[in-house]
Amino acid sequence: MPIHWSYKSLPELAALSDAERKDVWKKANWQAYEQWQTWLATAIVFALMVFLGRWLGSTFGHDFIGMIAGGVLASAIVDRIMFRIARSHLKRIIARTDEG
């Protein structure tokens with residue numbers, strides 16, 4: 001299973017022009033951010049990772065650095081979660097665009 005780091009490499013968007021691809025991706029991303037489940041997952045991931053980072057940092061005597069590292073790691077995880085959620089909206093958006 002390939003990992004896609006950008007919407008430009010998604011096979012679902014391969015048939016669209018660059019402008020259409022960007023527009024469809026923006027709509028999918030917006031829909032992902034509109035869901036309450038997305039915000040709940042983001043809050044849970046950040047809370048857990050910052051707590052884990054602080055705990056690991058305190059083990060080495062650097063609470064704040066551990067919290068920062070946990071926040072950075074949480075940002076990367078949340079980015080991947082958001083990408084997957086937005087990608088799940090693509091087929092419906094493309095189908096609606098083709099109908100209209």
# chains A, B, ... in the order shown; residues from 1 in each chain; ligands from 1

call {"tool": "residues_around", "arguments": {"residues": "segment 73-87 of chain A", "least_positions_apart": "3", "cutoff": "7 Å", "atoms": "only C-alpha atoms", "output": "list in words"}}
result
Ala28, Asn29, Ala32, Thr42, Val45, Phe46, Met49, Ala69, Gly70 and Leu90 of chain A

call {"tool": "write_last_selection", "arguments": {"atoms": "C-alpha atoms", "output": "compact mmCIF listing (two decimals), in the first residue's frame"}}
result
# COMPACT_ATOMS: atom_id res chain seq x y z
CA ALA A 28 -12.71 17.31 0.76
CA ASN A 29 -10.43 18.90 3.34
CA ALA A 32 -13.13 16.60 6.96
CA THR A 42 -7.42 15.59 17.19
CA VAL A 45 -4.24 12.44 19.95
CA PHE A 46 -2.78 15.74 21.17
CA MET A 49 0.98 12.51 22.87
CA ALA A 69 8.31 16.59 21.21
CA GLY A 70 4.89 15.08 21.98
CA LEU A 90 -13.10 12.47 -2.55

call {"tool": "residues_around", "arguments": {"residues": "Ile68 of chain A", "least_positions_apart": "6", "cutoff": "9 Å", "atoms": "only C-alpha atoms", "output": "short mmCIF file (atom, residue, chain, number, x, y, z; two decimals) with N, CA, C and O atoms, in the first residue's frame"}}
result
data_model
loop_
_atom_site.label_atom_id
_atom_site.label_comp_id
_atom_site.auth_asym_id
_atom_site.auth_seq_id
_atom_site.Cartn_x
_atom_site.Cartn_y
_atom_site.Cartn_z
N VAL A 50 1.05 14.62 24.13
CA VAL A 50 1.70 15.59 25.01
C VAL A 50 1.92 14.98 26.39
O VAL A 50 2.98 15.15 26.99
N GLY A 53 4.75 12.54 25.96
CA GLY A 53 6.01 13.28 25.81
C GLY A 53 6.49 13.87 27.13
O GLY A 53 7.67 13.83 27.45
N ARG A 54 5.54 14.40 27.91
CA ARG A 54 5.92 14.97 29.21
C ARG A 54 6.43 13.87 30.14
O ARG A 54 7.41 14.08 30.87
#

call {"tool": "atom_distance", "arguments": {"atom1": "atom CA of Lys8 of chain A", "atom2": "atom CA of Lys26 of chain A"}}
result
12.1 Å

call {"tool": "select_by_dssp", "arguments": {"residues": "chain A", "states": "alpha helix (DSSP H)", "output": "JSON, numbers by chain"}}
result
{"A": [18, 19, 20, 21, 22, 23, 24, 25, 26, 27, 28, 29, 30, 31, 32, 33, 34, 36, 37, 38, 39, 40, 41, 42, 43, 44, 45, 46, 47, 48, 49, 50, 51, 52, 53, 54, 55, 56, 57, 58, 59, 63, 64, 65, 66, 67, 68, 69, 70, 71, 72, 73, 74, 75, 76, 77, 78, 79, 80, 81, 82, 83, 84, 85, 86, 87, 88, 89, 90, 91, 92, 93, 94, 95, 96, 97, 98, 99]}

call {"tool": "atom_distance", "arguments": {"atom1": "atom CA of Asp18 of chain A", "atom2": "atom CA of Ile93 of chain A"}}
result
15.8 Å

call {"tool": "atom_distance", "arguments": {"atom1": "atom CA of Trp5 of chain A", "atom2": "atom CA of His89 of chain A"}}
result
16.9 Å

call {"tool": "decode", "arguments": {"residues": "chain A", "atoms": "C-alpha atoms", "output": "compact mmCIF listing (two decimals), in the first residue's frame"}}
result
# COMPACT_ATOMS: atom_id res chain seq x y z
CA MET A 1 0.00 0.00 0.00
CA PRO A 2 1.64 3.23 -1.12
CA ILE A 3 1.77 6.24 1.17
CA HIS A 4 0.64 9.45 -0.51
CA TRP A 5 2.26 12.56 0.95
CA SER A 6 0.35 15.03 -1.20
CA TYR A 7 -3.05 15.23 -2.84
CA LYS A 8 -1.26 15.61 -6.18
CA SER A 9 -0.24 11.95 -6.13
CA LEU A 10 -3.69 10.50 -5.35
CA PRO A 11 -5.02 8.16 -8.04
CA GLU A 12 -8.58 9.42 -7.43
CA LEU A 13 -7.55 12.84 -8.73
CA ALA A 14 -5.35 11.71 -11.62
CA ALA A 15 -8.01 12.35 -14.30
CA LEU A 16 -8.58 15.97 -13.21
CA SER A 17 -6.72 19.09 -14.25
CA ASP A 18 -4.52 20.86 -11.70
CA ALA A 19 -7.12 23.53 -10.95
CA GLU A 20 -9.93 20.95 -10.57
CA ARG A 21 -7.68 18.74 -8.44
CA LYS A 22 -6.91 21.61 -6.07
CA ASP A 23 -10.58 22.64 -5.87
CA VAL A 24 -11.80 19.10 -5.16
CA TRP A 25 -9.10 18.61 -2.52
CA LYS A 26 -10.06 21.85 -0.78
CA LYS A 27 -13.69 20.72 -0.64
CA ALA A 28 -12.71 17.31 0.76
CA ASN A 29 -10.43 18.90 3.34
CA TRP A 30 -13.15 21.32 4.40
CA GLN A 31 -15.63 18.47 4.82
CA ALA A 32 -13.13 16.60 6.96
CA TYR A 33 -12.74 19.59 9.27
CA GLU A 34 -16.53 20.02 9.55
CA GLN A 35 -16.96 16.67 11.32
CA TRP A 36 -17.02 16.64 15.10
CA GLN A 37 -15.29 13.25 15.08
CA THR A 38 -12.26 14.85 13.49
CA TRP A 39 -11.98 17.42 16.26
CA LEU A 40 -12.46 14.75 18.93
CA ALA A 41 -9.73 12.56 17.41
CA THR A 42 -7.42 15.59 17.19
CA ALA A 43 -7.97 16.46 20.85
CA ILE A 44 -7.43 12.88 21.99
CA VAL A 45 -4.24 12.44 19.95
CA PHE A 46 -2.78 15.74 21.17
CA ALA A 47 -3.66 15.05 24.81
CA LEU A 48 -2.18 11.56 24.73
CA MET A 49 0.98 12.51 22.87
CA VAL A 50 1.70 15.59 25.01
CA PHE A 51 1.10 13.53 28.16
CA LEU A 52 3.35 10.76 26.86
CA GLY A 53 6.01 13.28 25.81
CA ARG A 54 5.92 14.97 29.21
CA TRP A 55 6.17 11.62 30.98
CA LEU A 56 9.14 10.57 28.85
CA GLY A 57 10.71 14.01 29.24
CA SER A 58 10.36 13.89 33.01
CA THR A 59 12.18 10.58 32.99
CA PHE A 60 15.18 12.42 31.57
CA GLY A 61 14.62 15.62 33.54
CA HIS A 62 13.21 17.72 30.68
CA ASP A 63 9.41 17.98 31.01
CA PHE A 64 8.99 20.90 28.63
CA ILE A 65 11.14 19.40 25.87
CA GLY A 66 9.15 16.18 26.17
CA MET A 67 5.90 18.11 25.82
CA ILE A 68 7.19 19.89 22.73
CA ALA A 69 8.31 16.59 21.21
CA GLY A 70 4.89 15.08 21.98
CA GLY A 71 3.15 18.04 20.34
CA VAL A 72 5.30 17.75 17.22
CA LEU A 73 4.63 14.03 16.99
CA ALA A 74 0.90 14.64 17.54
CA SER A 75 0.90 17.17 14.70
CA ALA A 76 2.36 14.60 12.32
CA ILE A 77 -0.16 11.96 13.39
CA VAL A 78 -3.11 14.34 13.10
CA ASP A 79 -1.92 15.40 9.64
CA ARG A 80 -2.03 11.79 8.45
CA ILE A 81 -5.47 11.27 10.04
CA MET A 82 -6.81 14.39 8.33
CA PHE A 83 -5.37 13.28 5.00
CA ARG A 84 -7.14 9.92 5.29
CA ILE A 85 -10.46 11.48 6.28
CA ALA A 86 -10.30 14.01 3.44
CA ARG A 87 -9.42 11.24 1.01
CA SER A 88 -12.52 9.32 2.08
CA HIS A 89 -14.65 12.28 0.92
CA LEU A 90 -13.10 12.47 -2.55
CA LYS A 91 -15.23 9.90 -4.39
CA ARG A 92 -18.48 11.55 -3.32
CA ILE A 93 -17.24 15.00 -4.29
CA ILE A 94 -15.97 13.81 -7.67
CA ALA A 95 -19.29 12.02 -8.34
CA ARG A 96 -21.24 15.20 -7.52
CA THR A 97 -18.91 17.27 -9.70
CA ASP A 98 -19.40 14.89 -12.64
CA GLU A 99 -23.19 15.03 -12.24
CA GLY A 100 -23.30 18.82 -12.15
